[in-house]
Each structure stands twice: as C-alpha cells, then as structure tokens.
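The structure appears right after this line, and notes come after that.
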Amino acid sequence: MVELISIACDYAERVQFQQLQYFVAVAETRHFTRAAERVHVAQPSLSQQIRALERELGADLFVRARGNIALTDAGEALLPLARRILADADTARQEVQELVQLRRGRVRLGATPSLCTGLLPDVLRAFHDRYPGIQLLIEEGGSRDLVRELARGALDLALIVLPLPAPAPALTTVELLHEDLVVVSSPEEPAPGQGRRTVEIADLADERLVMFRHGYDLRELTVAACRSAGFEPEFAVEGGEMDAVLGFVRAGLGVAVVPRMVATRAGRGLRVTPLARPGLQRTIALAHRSDVAPPRGARELQRMLLER
C-alpha cells in the first residue's frame, strides 16, 4: 500500500487535472454515465481518460461489474490525494481572481452552529458590506468534522472549539475568544437552582436537559461537567441543533447550557442564568492548514474576526 501511495504521489505531480477530475467524479457517483454528466463530457471520453490514467499508474482503479462500480485498493489510495490536488488547484485559481482588489472570489468558512448563531452574523455582514463581490460559503459542523474538512482542502478557515480533536492534522490556530456558558430556561417554568442568581453544575442534577446531538461540542462539554460533579444528566429531549434546542427550551421541555453570546442574541422567551464560578467556558480559535496560506479573501475575513 505504501508503494501504491508513493506511485500515486509521483504521478499526481504530472497527471492531467482533467483525468483526476474524471476519476473523482466516478469515485463519488459510482457510475460512469452520471460522472460524465457531472463533468459535462461524453461518457466514452470519460471512460477513455480513466483507462489512460489506469495504464499510467499500472493499476486498475475501479472494479467494474454490471450495475456496480467499486474502488480498488489503488483507487482508495489515489482518491484522497486527487481530492486534495483538485482542491489546492481550485484555491490557486481563486487566489488569482481575488488579486484585483477583492472584487471577485469566495471564502469557504466552517463554524460550529452556535458560532453561526452568535458570533458570525455581525462579522459576515461587515465583510459583505466591504467586499460584496466575495461569495461566502458557510459550512456548519462540529469541530471534529470541520478539522477534517480543513485537512482535505474543502475549507479555507474554520472556527473551532479548542483543544483540537486527536489525532489532529497540521493546523495553525489562533485563539479568538474565551466564552462563558450559561443556563437557559423557559420563564414559564420554575427557575433552575431554586431561583438563585447563579446555578451550580450540581443543580442540573435536578433538571431535565434539552441536549444537542452527538458530536456537538457543547454536548460533550456539558455531559463531562455533569459527570465531574458526580451525576449522570437526565435528558428531556436530545438530538437537536442550536435553533431546535432553544425552541424546545422556550416550550418548557427542559433547560440547556449554551454560550452566553447565543443566549444574548436569542432575545425574548428565555430566562438566562449564569453558572456559579468557576462555571464553564470554552475557547474559540480560528484555524487553517499550516501548509497552505489561506486565499486573500479568507485572510481579510480572518483579520476582521481577530479585530472585531
């Protein structure tokens, strides 16, 4: 397998990008005709280029059976390399287009859903007002998923929660802010902690929690804090994203632990109670790949985030 990867790396330096595009299209669709439609080429031409690629590599990339297309070991080895090469080439094209005073281009930014709700709206509005020709592509996800997307070249920047998930690829991170978490509840229900001005983590043992889906950073942080306080949290409902969780809390289904910034923006319909010291905090960082500088537009967004 190591030899196959080495061959693929050497060949990738001189193979036509068109062949890599065709290969990735077939690998993702598992169908030659649909792949040809995706890349806007006749199916025979696509098949011919795939055969040429296989001859050059000296290995079949696909197992072809009636109604079933699967990757061989060689194809599995080449696929992540091909995706990365194509992503880097696309980034290079975007960099050239952005050189004319950032009048064109795009920025691909990943962020956790809570940051999309709390931090990003004002910053993205300011960025859009200043650079209306730059397309903003936002991907929501947990930090682990965003780190993976950064590593494969699918994102320029990502707002993630530290520490990085292990094992982590080579990323450059800059701490952006430290944010307190608070408890939100419905004003129509009894206040958590018997109405005190602050709530202890231990007080949540008497509450039913509205909990985020698995893989959500806030879920992992809250559950870990409850277990450290000596109890297993009870869930009234679980599995939602930020907007759903806030809606369930407003409906009186339970309480939730959310970032203060989100609670502040959520407005009416929620009671906000701080956690007693030391409380819970999270560290937000801005990350990008260490081996590739972000495109110019992404660097400008990075500057605005750091100076906000």
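As shown in the structure tokens, the chain order sets the letters A, B, ...; within each chain, residues go from 1, and ligands are also counted from 1 in the order they appear.
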Determine, counting only C-alpha atoms, which protein, DNA and RNA residues have an atom within 10 Å of an atom of range 199-207 of chain A; residues of the same chain fewer than 5 positions away are not included. Present the result as a PyMOL selection string.
chain A and resi 182-183+191-194+222+225-236+254-257+273-280
Can those selected residues be exported to a file as a tab-separated table (two decimals), in the first residue's frame so that it contains C-alpha atoms?
chain	number	residue	atom	x	y	z
A	182	VAL	CA	-24.99	29.95	30.77
A	183	VAL	CA	-28.17	28.04	31.60
A	191	ALA	CA	-36.22	28.69	37.72
A	192	PRO	CA	-33.23	26.32	37.93
A	193	GLY	CA	-31.28	26.35	41.17
A	194	GLN	CA	-34.43	27.35	43.10
A	222	THR	CA	-21.90	19.74	29.40
A	225	ALA	CA	-19.08	18.72	33.59
A	226	CYS	CA	-22.11	16.87	34.99
A	227	ARG	CA	-20.13	13.67	35.38
A	228	SER	CA	-17.33	15.56	37.11
A	229	ALA	CA	-19.97	16.88	39.54
A	230	GLY	CA	-20.93	13.30	40.33
A	231	PHE	CA	-24.11	12.67	38.37
A	232	GLU	CA	-25.36	11.47	35.00
A	233	PRO	CA	-27.55	14.16	33.35
A	234	GLU	CA	-31.16	13.34	32.50
A	235	PHE	CA	-32.35	14.37	29.05
A	236	ALA	CA	-35.85	15.58	28.30
A	254	GLY	CA	-36.24	21.49	29.90
A	255	VAL	CA	-33.14	23.63	30.40
A	256	ALA	CA	-29.99	23.84	28.28
A	257	VAL	CA	-26.40	25.01	28.62
A	273	THR	CA	-28.97	32.22	34.49
A	274	PRO	CA	-25.16	32.39	34.83
A	275	LEU	CA	-23.23	29.42	36.16
A	276	ALA	CA	-21.55	29.96	39.52
A	277	ARG	CA	-17.78	30.27	39.46
A	278	PRO	CA	-15.69	28.71	38.13
A	279	GLY	CA	-18.55	27.91	35.75
A	280	LEU	CA	-17.94	26.57	32.27
Rank nothing, just name the residue among A:Val245, A:Leu305, A:Leu171, A:Leu218 nearest to Glu149 in chain A, using only C-alpha atoms.
A:Leu171
Nearest-residue call for Leu78 in chain A, choices A:Glu175, A:Glu54, A:Gly195, A:Ser45, using only C-alpha atoms:
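Under the stated criterion, the closest residue is A:Glu54.
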Among range 108-204 of chain A, which ones does DSSP assign to helix (DSSP H, G or I) (computed from the backbone)? Answer as a ChimeraX atom specification.
/A:113-118,120-130,143-151,192-195,201-204
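Interatomic distance, CA of Leu176 in chain A against CA of Ala285 in chain A: 4.9 Å.
Atom pair CA of Glu241 in chain A / CA of Pro113 in chain A has a distance of 7.1 Å (rounded to one decimal).
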Between A:Gln43, A:Val237, A:Leu181, A:Ser186, which one has atoms that come closest to Ala263 in chain A, using only C-alpha atoms?
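With only C-alpha atoms as the atom set, the closest residue is A:Leu181.
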Neighbour list for Pro295 in chain A as a PDB file with all heavy atoms, in the first residue's frame, cut-off 12 Å, only C-alpha atoms, skip fewer than 5 positions in-chain:
ATOM      1  N   ASP A  88      -6.545  22.151  -3.979  1.00  0.00           N
ATOM      2  CA  ASP A  88      -5.463  23.137  -3.964  1.00  0.00           C
ATOM      3  C   ASP A  88      -5.413  23.915  -5.272  1.00  0.00           C
ATOM      4  O   ASP A  88      -5.146  25.123  -5.284  1.00  0.00           O
ATOM      5  CB  ASP A  88      -4.119  22.439  -3.728  1.00  0.00           C
ATOM      6  CG  ASP A  88      -3.970  21.955  -2.288  1.00  0.00           C
ATOM      7  OD1 ASP A  88      -4.779  22.376  -1.433  1.00  0.00           O
ATOM      8  OD2 ASP A  88      -3.052  21.167  -2.019  1.00  0.00           O
ATOM      9  N   ALA A  89      -5.661  23.221  -6.385  1.00  0.00           N
ATOM     10  CA  ALA A  89      -5.668  23.913  -7.678  1.00  0.00           C
ATOM     11  C   ALA A  89      -6.813  24.921  -7.741  1.00  0.00           C
ATOM     12  O   ALA A  89      -6.652  26.037  -8.254  1.00  0.00           O
ATOM     13  CB  ALA A  89      -5.795  22.893  -8.814  1.00  0.00           C
ATOM     14  N   ASP A  90      -7.960  24.543  -7.183  1.00  0.00           N
ATOM     15  CA  ASP A  90      -9.104  25.450  -7.162  1.00  0.00           C
ATOM     16  C   ASP A  90      -8.807  26.666  -6.296  1.00  0.00           C
ATOM     17  O   ASP A  90      -9.151  27.799  -6.637  1.00  0.00           O
ATOM     18  CB  ASP A  90     -10.333  24.706  -6.638  1.00  0.00           C
ATOM     19  CG  ASP A  90     -11.622  25.479  -6.889  1.00  0.00           C
ATOM     20  OD1 ASP A  90     -11.746  26.078  -7.977  1.00  0.00           O
ATOM     21  OD2 ASP A  90     -12.481  25.488  -6.013  1.00  0.00           O
ATOM     22  N   THR A  91      -8.125  26.436  -5.168  1.00  0.00           N
ATOM     23  CA  THR A  91      -7.731  27.543  -4.300  1.00  0.00           C
ATOM     24  C   THR A  91      -6.787  28.488  -5.027  1.00  0.00           C
ATOM     25  O   THR A  91      -6.893  29.711  -4.902  1.00  0.00           O
ATOM     26  CB  THR A  91      -7.056  27.005  -3.023  1.00  0.00           C
ATOM     27  OG1 THR A  91      -8.002  26.221  -2.290  1.00  0.00           O
ATOM     28  CG2 THR A  91      -6.561  28.145  -2.138  1.00  0.00           C
ATOM     29  N   ALA A  92      -5.854  27.918  -5.801  1.00  0.00           N
ATOM     30  CA  ALA A  92      -4.916  28.762  -6.551  1.00  0.00           C
ATOM     31  C   ALA A  92      -5.650  29.633  -7.569  1.00  0.00           C
ATOM     32  O   ALA A  92      -5.329  30.818  -7.735  1.00  0.00           O
ATOM     33  CB  ALA A  92      -3.883  27.881  -7.246  1.00  0.00           C
ATOM     34  N   ARG A  93      -6.630  29.062  -8.254  1.00  0.00           N
ATOM     35  CA  ARG A  93      -7.402  29.853  -9.212  1.00  0.00           C
ATOM     36  C   ARG A  93      -8.156  30.978  -8.515  1.00  0.00           C
ATOM     37  O   ARG A  93      -8.207  32.108  -9.002  1.00  0.00           O
ATOM     38  CB  ARG A  93      -8.388  28.944  -9.964  1.00  0.00           C
ATOM     39  CG  ARG A  93      -7.735  28.076 -11.037  1.00  0.00           C
ATOM     40  CD  ARG A  93      -8.790  27.445 -11.939  1.00  0.00           C
ATOM     41  NE  ARG A  93      -9.595  26.482 -11.210  1.00  0.00           N
ATOM     42  CZ  ARG A  93      -9.300  25.191 -11.117  1.00  0.00           C
ATOM     43  NH1 ARG A  93      -8.208  24.722 -11.685  1.00  0.00           N
ATOM     44  NH2 ARG A  93     -10.094  24.376 -10.441  1.00  0.00           N
ATOM     45  N   GLN A  94      -8.728  30.651  -7.345  1.00  0.00           N
ATOM     46  CA  GLN A  94      -9.441  31.679  -6.599  1.00  0.00           C
ATOM     47  C   GLN A  94      -8.500  32.793  -6.151  1.00  0.00           C
ATOM     48  O   GLN A  94      -8.849  33.972  -6.185  1.00  0.00           O
ATOM     49  CB  GLN A  94     -10.119  31.056  -5.368  1.00  0.00           C
ATOM     50  CG  GLN A  94     -11.253  30.114  -5.694  1.00  0.00           C
ATOM     51  CD  GLN A  94     -12.449  30.839  -6.284  1.00  0.00           C
ATOM     52  OE1 GLN A  94     -12.690  31.992  -5.975  1.00  0.00           O
ATOM     53  NE2 GLN A  94     -13.178  30.160  -7.152  1.00  0.00           N
ATOM     54  N   GLU A  95      -7.280  32.429  -5.766  1.00  0.00           N
ATOM     55  CA  GLU A  95      -6.297  33.432  -5.334  1.00  0.00           C
ATOM     56  C   GLU A  95      -5.992  34.412  -6.458  1.00  0.00           C
ATOM     57  O   GLU A  95      -5.919  35.625  -6.232  1.00  0.00           O
ATOM     58  CB  GLU A  95      -5.010  32.720  -4.879  1.00  0.00           C
ATOM     59  CG  GLU A  95      -3.915  33.641  -4.399  1.00  0.00           C
ATOM     60  CD  GLU A  95      -4.132  34.140  -2.978  1.00  0.00           C
ATOM     61  OE1 GLU A  95      -5.045  33.650  -2.294  1.00  0.00           O
ATOM     62  OE2 GLU A  95      -3.384  35.038  -2.576  1.00  0.00           O
ATOM     63  N   VAL A  96      -5.815  33.913  -7.672  1.00  0.00           N
ATOM     64  CA  VAL A  96      -5.527  34.795  -8.798  1.00  0.00           C
ATOM     65  C   VAL A  96      -6.697  35.735  -9.059  1.00  0.00           C
ATOM     66  O   VAL A  96      -6.519  36.941  -9.289  1.00  0.00           O
ATOM     67  CB  VAL A  96      -5.210  33.956 -10.058  1.00  0.00           C
ATOM     68  CG1 VAL A  96      -5.107  34.847 -11.278  1.00  0.00           C
ATOM     69  CG2 VAL A  96      -3.898  33.193  -9.865  1.00  0.00           C
ATOM     70  N   GLN A  97      -7.916  35.200  -9.011  1.00  0.00           N
ATOM     71  CA  GLN A  97      -9.093  36.019  -9.278  1.00  0.00           C
ATOM     72  C   GLN A  97      -9.285  37.110  -8.230  1.00  0.00           C
ATOM     73  O   GLN A  97      -9.837  38.172  -8.511  1.00  0.00           O
ATOM     74  CB  GLN A  97     -10.342  35.125  -9.332  1.00  0.00           C
ATOM     75  CG  GLN A  97     -10.361  34.186 -10.533  1.00  0.00           C
ATOM     76  CD  GLN A  97     -11.536  33.224 -10.496  1.00  0.00           C
ATOM     77  OE1 GLN A  97     -12.349  33.261  -9.572  1.00  0.00           O
ATOM     78  NE2 GLN A  97     -11.626  32.355 -11.493  1.00  0.00           N
ATOM     79  N   GLU A  98      -8.817  36.862  -7.014  1.00  0.00           N
ATOM     80  CA  GLU A  98      -9.027  37.818  -5.939  1.00  0.00           C
ATOM     81  C   GLU A  98      -8.004  38.953  -5.932  1.00  0.00           C
ATOM     82  O   GLU A  98      -8.147  39.908  -5.167  1.00  0.00           O
ATOM     83  CB  GLU A  98      -8.973  37.093  -4.584  1.00  0.00           C
ATOM     84  CG  GLU A  98     -10.140  36.174  -4.342  1.00  0.00           C
ATOM     85  CD  GLU A  98      -9.949  35.296  -3.119  1.00  0.00           C
ATOM     86  OE1 GLU A  98      -8.963  35.506  -2.390  1.00  0.00           O
ATOM     87  OE2 GLU A  98     -10.764  34.416  -2.909  1.00  0.00           O
ATOM     88  N   LEU A  99      -6.980  38.855  -6.769  1.00  0.00           N
ATOM     89  CA  LEU A  99      -5.908  39.845  -6.738  1.00  0.00           C
ATOM     90  C   LEU A  99      -6.383  41.243  -7.120  1.00  0.00           C
ATOM     91  O   LEU A  99      -5.761  42.226  -6.750  1.00  0.00           O
ATOM     92  CB  LEU A  99      -4.763  39.413  -7.671  1.00  0.00           C
ATOM     93  CG  LEU A  99      -3.935  38.223  -7.168  1.00  0.00           C
ATOM     94  CD1 LEU A  99      -2.860  37.866  -8.176  1.00  0.00           C
ATOM     95  CD2 LEU A  99      -3.305  38.543  -5.823  1.00  0.00           C
ATOM     96  N   LEU A 102      -9.973  42.370  -4.429  1.00  0.00           N
ATOM     97  CA  LEU A 102     -11.016  41.551  -3.812  1.00  0.00           C
ATOM     98  C   LEU A 102     -12.401  41.846  -4.374  1.00  0.00           C
ATOM     99  O   LEU A 102     -13.404  41.843  -3.657  1.00  0.00           O
ATOM    100  CB  LEU A 102     -11.021  41.743  -2.281  1.00  0.00           C
ATOM    101  CG  LEU A 102      -9.829  41.146  -1.538  1.00  0.00           C
ATOM    102  CD1 LEU A 102      -9.916  41.482  -0.060  1.00  0.00           C
ATOM    103  CD2 LEU A 102      -9.759  39.642  -1.720  1.00  0.00           C
ATOM    104  N   ARG A 104     -13.739  39.946  -6.721  1.00  0.00           N
ATOM    105  CA  ARG A 104     -14.321  38.634  -7.019  1.00  0.00           C
ATOM    106  C   ARG A 104     -13.695  37.597  -6.107  1.00  0.00           C
ATOM    107  O   ARG A 104     -12.654  37.839  -5.503  1.00  0.00           O
ATOM    108  CB  ARG A 104     -14.060  38.240  -8.474  1.00  0.00           C
ATOM    109  CG  ARG A 104     -14.752  39.097  -9.507  1.00  0.00           C
ATOM    110  CD  ARG A 104     -14.425  38.592 -10.897  1.00  0.00           C
ATOM    111  NE  ARG A 104     -12.984  38.692 -11.188  1.00  0.00           N
ATOM    112  CZ  ARG A 104     -12.364  38.038 -12.163  1.00  0.00           C
ATOM    113  NH1 ARG A 104     -13.037  37.197 -12.911  1.00  0.00           N
ATOM    114  NH2 ARG A 104     -11.079  38.209 -12.365  1.00  0.00           N
ATOM    115  N   GLY A 105     -14.305  36.427  -6.055  1.00  0.00           N
ATOM    116  CA  GLY A 105     -13.719  35.328  -5.304  1.00  0.00           C
ATOM    117  C   GLY A 105     -14.711  34.723  -4.340  1.00  0.00           C
ATOM    118  O   GLY A 105     -15.915  34.965  -4.412  1.00  0.00           O
ATOM    119  N   ARG A 106     -14.187  33.942  -3.420  1.00  0.00           N
ATOM    120  CA  ARG A 106     -15.033  33.277  -2.440  1.00  0.00           C
ATOM    121  C   ARG A 106     -14.222  33.009  -1.187  1.00  0.00           C
ATOM    122  O   ARG A 106     -12.978  32.982  -1.213  1.00  0.00           O
ATOM    123  CB  ARG A 106     -15.570  31.957  -2.980  1.00  0.00           C
ATOM    124  CG  ARG A 106     -14.491  30.898  -3.082  1.00  0.00           C
ATOM    125  CD  ARG A 106     -15.012  29.529  -3.418  1.00  0.00           C
ATOM    126  NE  ARG A 106     -13.897  28.584  -3.402  1.00  0.00           N
ATOM    127  CZ  ARG A 106     -13.947  27.360  -3.897  1.00  0.00           C
ATOM    128  NH1 ARG A 106     -15.059  26.945  -4.480  1.00  0.00           N
ATOM    129  NH2 ARG A 106     -12.901  26.557  -3.826  1.00  0.00           N
ATOM    130  N   VAL A 107     -14.920  32.813  -0.100  1.00  0.00           N
ATOM    131  CA  VAL A 107     -14.319  32.377   1.153  1.00  0.00           C
ATOM    132  C   VAL A 107     -15.143  31.210   1.665  1.00  0.00           C
ATOM    133  O   VAL A 107     -16.367  31.309   1.786  1.00  0.00           O
ATOM    134  CB  VAL A 107     -14.298  33.501   2.202  1.00  0.00           C
ATOM    135  CG1 VAL A 107     -13.774  32.963   3.537  1.00  0.00           C
ATOM    136  CG2 VAL A 107     -13.439  34.664   1.740  1.00  0.00           C
ATOM    137  N   ARG A 108     -14.471  30.101   1.946  1.00  0.00           N
ATOM    138  CA  ARG A 108     -15.144  28.915   2.486  1.00  0.00           C
ATOM    139  C   ARG A 108     -14.837  28.843   3.979  1.00  0.00           C
ATOM    140  O   ARG A 108     -13.703  28.568   4.363  1.00  0.00           O
ATOM    141  CB  ARG A 108     -14.660  27.655   1.770  1.00  0.00           C
ATOM    142  CG  ARG A 108     -14.871  27.686   0.258  1.00  0.00           C
ATOM    143  CD  ARG A 108     -14.151  26.531  -0.421  1.00  0.00           C
ATOM    144  NE  ARG A 108     -12.722  26.582  -0.170  1.00  0.00           N
ATOM    145  CZ  ARG A 108     -11.865  25.605  -0.464  1.00  0.00           C
ATOM    146  NH1 ARG A 108     -12.309  24.491  -1.018  1.00  0.00           N
ATOM    147  NH2 ARG A 108     -10.579  25.740  -0.201  1.00  0.00           N
ATOM    148  N   LEU A 109     -15.829  29.115   4.786  1.00  0.00           N
ATOM    149  CA  LEU A 109     -15.648  29.197   6.240  1.00  0.00           C
ATOM    150  C   LEU A 109     -16.486  28.130   6.933  1.00  0.00           C
ATOM    151  O   LEU A 109     -17.678  28.004   6.678  1.00  0.00           O
ATOM    152  CB  LEU A 109     -16.060  30.580   6.737  1.00  0.00           C
ATOM    153  CG  LEU A 109     -16.058  30.791   8.255  1.00  0.00           C
ATOM    154  CD1 LEU A 109     -14.636  30.724   8.813  1.00  0.00           C
ATOM    155  CD2 LEU A 109     -16.713  32.119   8.607  1.00  0.00           C
ATOM    156  N   ILE A 134     -17.352  39.121  -3.009  1.00  0.00           N
ATOM    157  CA  ILE A 134     -16.801  37.878  -2.486  1.00  0.00           C
ATOM    158  C   ILE A 134     -17.935  36.974  -2.014  1.00  0.00           C
ATOM    159  O   ILE A 134     -18.755  37.351  -1.165  1.00  0.00           O
ATOM    160  CB  ILE A 134     -15.840  38.143  -1.308  1.00  0.00           C
ATOM    161  CG1 ILE A 134     -14.691  39.052  -1.737  1.00  0.00           C
ATOM    162  CG2 ILE A 134     -15.297  36.835  -0.750  1.00  0.00           C
ATOM    163  CD1 ILE A 134     -13.800  38.456  -2.796  1.00  0.00           C
ATOM    164  N   GLY A 153      -8.749  20.192   2.380  1.00  0.00           N
ATOM    165  CA  GLY A 153      -8.774  21.332   1.474  1.00  0.00           C
ATOM    166  C   GLY A 153     -10.147  21.813   1.099  1.00  0.00           C
ATOM    167  O   GLY A 153     -10.289  22.613   0.175  1.00  0.00           O
ATOM    168  N   LEU A 155     -12.160  23.592   3.080  1.00  0.00           N
ATOM    169  CA  LEU A 155     -12.420  24.861   3.743  1.00  0.00           C
ATOM    170  C   LEU A 155     -11.156  25.704   3.744  1.00  0.00           C
ATOM    171  O   LEU A 155     -10.039  25.170   3.743  1.00  0.00           O
ATOM    172  CB  LEU A 155     -12.873  24.637   5.194  1.00  0.00           C
ATOM    173  CG  LEU A 155     -14.212  23.933   5.430  1.00  0.00           C
ATOM    174  CD1 LEU A 155     -14.399  23.665   6.919  1.00  0.00           C
ATOM    175  CD2 LEU A 155     -15.365  24.750   4.876  1.00  0.00           C
ATOM    176  N   ASP A 156     -11.334  27.020   3.761  1.00  0.00           N
ATOM    177  CA  ASP A 156     -10.201  27.936   3.884  1.00  0.00           C
ATOM    178  C   ASP A 156      -9.901  28.236   5.348  1.00  0.00           C
ATOM    179  O   ASP A 156      -8.739  28.310   5.754  1.00  0.00           O
ATOM    180  CB  ASP A 156     -10.485  29.249   3.152  1.00  0.00           C
ATOM    181  CG  ASP A 156     -10.804  29.045   1.681  1.00  0.00           C
ATOM    182  OD1 ASP A 156     -10.054  28.302   1.024  1.00  0.00           O
ATOM    183  OD2 ASP A 156     -11.800  29.602   1.196  1.00  0.00           O
ATOM    184  N   LEU A 157     -10.945  28.448   6.121  1.00  0.00           N
ATOM    185  CA  LEU A 157     -10.841  28.773   7.541  1.00  0.00           C
ATOM    186  C   LEU A 157     -11.922  28.011   8.291  1.00  0.00           C
ATOM    187  O   LEU A 157     -12.937  27.629   7.706  1.00  0.00           O
ATOM    188  CB  LEU A 157     -11.052  30.273   7.794  1.00  0.00           C
ATOM    189  CG  LEU A 157     -10.119  31.285   7.139  1.00  0.00           C
ATOM    190  CD1 LEU A 157     -10.679  32.689   7.336  1.00  0.00           C
ATOM    191  CD2 LEU A 157      -8.722  31.177   7.726  1.00  0.00           C
ATOM    192  N   HIS A 288      -6.555  27.226  10.189  1.00  0.00           N
ATOM    193  CA  HIS A 288      -6.366  26.958   8.768  1.00  0.00           C
ATOM    194  C   HIS A 288      -5.208  25.988   8.612  1.00  0.00           C
ATOM    195  O   HIS A 288      -4.448  25.751   9.565  1.00  0.00           O
ATOM    196  CB  HIS A 288      -6.112  28.251   7.969  1.00  0.00           C
ATOM    197  CG  HIS A 288      -4.846  28.979   8.345  1.00  0.00           C
ATOM    198  ND1 HIS A 288      -3.606  28.623   7.862  1.00  0.00           N
ATOM    199  CD2 HIS A 288      -4.640  30.039   9.158  1.00  0.00           C
ATOM    200  CE1 HIS A 288      -2.689  29.430   8.360  1.00  0.00           C
ATOM    201  NE2 HIS A 288      -3.280  30.296   9.151  1.00  0.00           N
ATOM    202  N   ARG A 289      -5.073  25.405   7.451  1.00  0.00           N
ATOM    203  CA  ARG A 289      -3.989  24.460   7.199  1.00  0.00           C
ATOM    204  C   ARG A 289      -2.644  25.151   7.316  1.00  0.00           C
ATOM    205  O   ARG A 289      -2.461  26.276   6.859  1.00  0.00           O
ATOM    206  CB  ARG A 289      -4.135  23.841   5.809  1.00  0.00           C
ATOM    207  CG  ARG A 289      -5.057  22.648   5.766  1.00  0.00           C
ATOM    208  CD  ARG A 289      -5.337  22.185   4.354  1.00  0.00           C
ATOM    209  NE  ARG A 289      -4.155  21.980   3.535  1.00  0.00           N
ATOM    210  CZ  ARG A 289      -4.188  21.658   2.249  1.00  0.00           C
ATOM    211  NH1 ARG A 289      -5.349  21.505   1.650  1.00  0.00           N
ATOM    212  NH2 ARG A 289      -3.086  21.493   1.562  1.00  0.00           N
ATOM    213  N   GLU A 300      -8.481  38.287   4.717  1.00  0.00           N
ATOM    214  CA  GLU A 300      -9.157  39.518   5.113  1.00  0.00           C
ATOM    215  C   GLU A 300     -10.266  39.230   6.117  1.00  0.00           C
ATOM    216  O   GLU A 300     -10.443  39.973   7.097  1.00  0.00           O
ATOM    217  CB  GLU A 300      -9.724  40.224   3.881  1.00  0.00           C
ATOM    218  CG  GLU A 300     -10.451  41.525   4.174  1.00  0.00           C
ATOM    219  CD  GLU A 300      -9.580  42.592   4.810  1.00  0.00           C
ATOM    220  OE1 GLU A 300      -8.327  42.465   4.768  1.00  0.00           O
ATOM    221  OE2 GLU A 300     -10.149  43.556   5.365  1.00  0.00           O
ATOM    222  N   LEU A 301     -11.015  38.156   5.906  1.00  0.00           N
ATOM    223  CA  LEU A 301     -12.036  37.772   6.879  1.00  0.00           C
ATOM    224  C   LEU A 301     -11.386  37.403   8.206  1.00  0.00           C
ATOM    225  O   LEU A 301     -11.900  37.745   9.281  1.00  0.00           O
ATOM    226  CB  LEU A 301     -12.864  36.612   6.350  1.00  0.00           C
ATOM    227  CG  LEU A 301     -13.953  36.081   7.297  1.00  0.00           C
ATOM    228  CD1 LEU A 301     -14.929  37.184   7.685  1.00  0.00           C
ATOM    229  CD2 LEU A 301     -14.701  34.916   6.661  1.00  0.00           C
ATOM    230  N   GLN A 302     -10.253  36.713   8.145  1.00  0.00           N
ATOM    231  CA  GLN A 302      -9.523  36.372   9.354  1.00  0.00           C
ATOM    232  C   GLN A 302      -9.144  37.639  10.122  1.00  0.00           C
ATOM    233  O   GLN A 302      -9.294  37.702  11.345  1.00  0.00           O
ATOM    234  CB  GLN A 302      -8.275  35.571   8.979  1.00  0.00           C
ATOM    235  CG  GLN A 302      -7.423  35.128  10.165  1.00  0.00           C
ATOM    236  CD  GLN A 302      -6.214  34.352   9.721  1.00  0.00           C
ATOM    237  OE1 GLN A 302      -5.578  34.670   8.708  1.00  0.00           O
ATOM    238  NE2 GLN A 302      -5.853  33.322  10.445  1.00  0.00           N
TER     239      GLN A 302
END
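Relative to CA of Arg282 in chain A, CA of Leu306 in chain A is found at 16.9 Å.
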Determine, counting only C-alpha atoms, which protein, DNA and RNA residues have an atom within 10 Å of an atom of Leu53 in chain A; residues of the same chain fewer than 2 positions away are not included. Present the result as a PyMOL selection string.
chain A and resi 11+15-16+19-20+22-23+47-51+55-61
Would you mind telling me which residue in A:Arg308, A:Arg299, A:Arg196, A:His178 lies nearest to Arg260 in chain A when using only C-alpha atoms?
A:His178
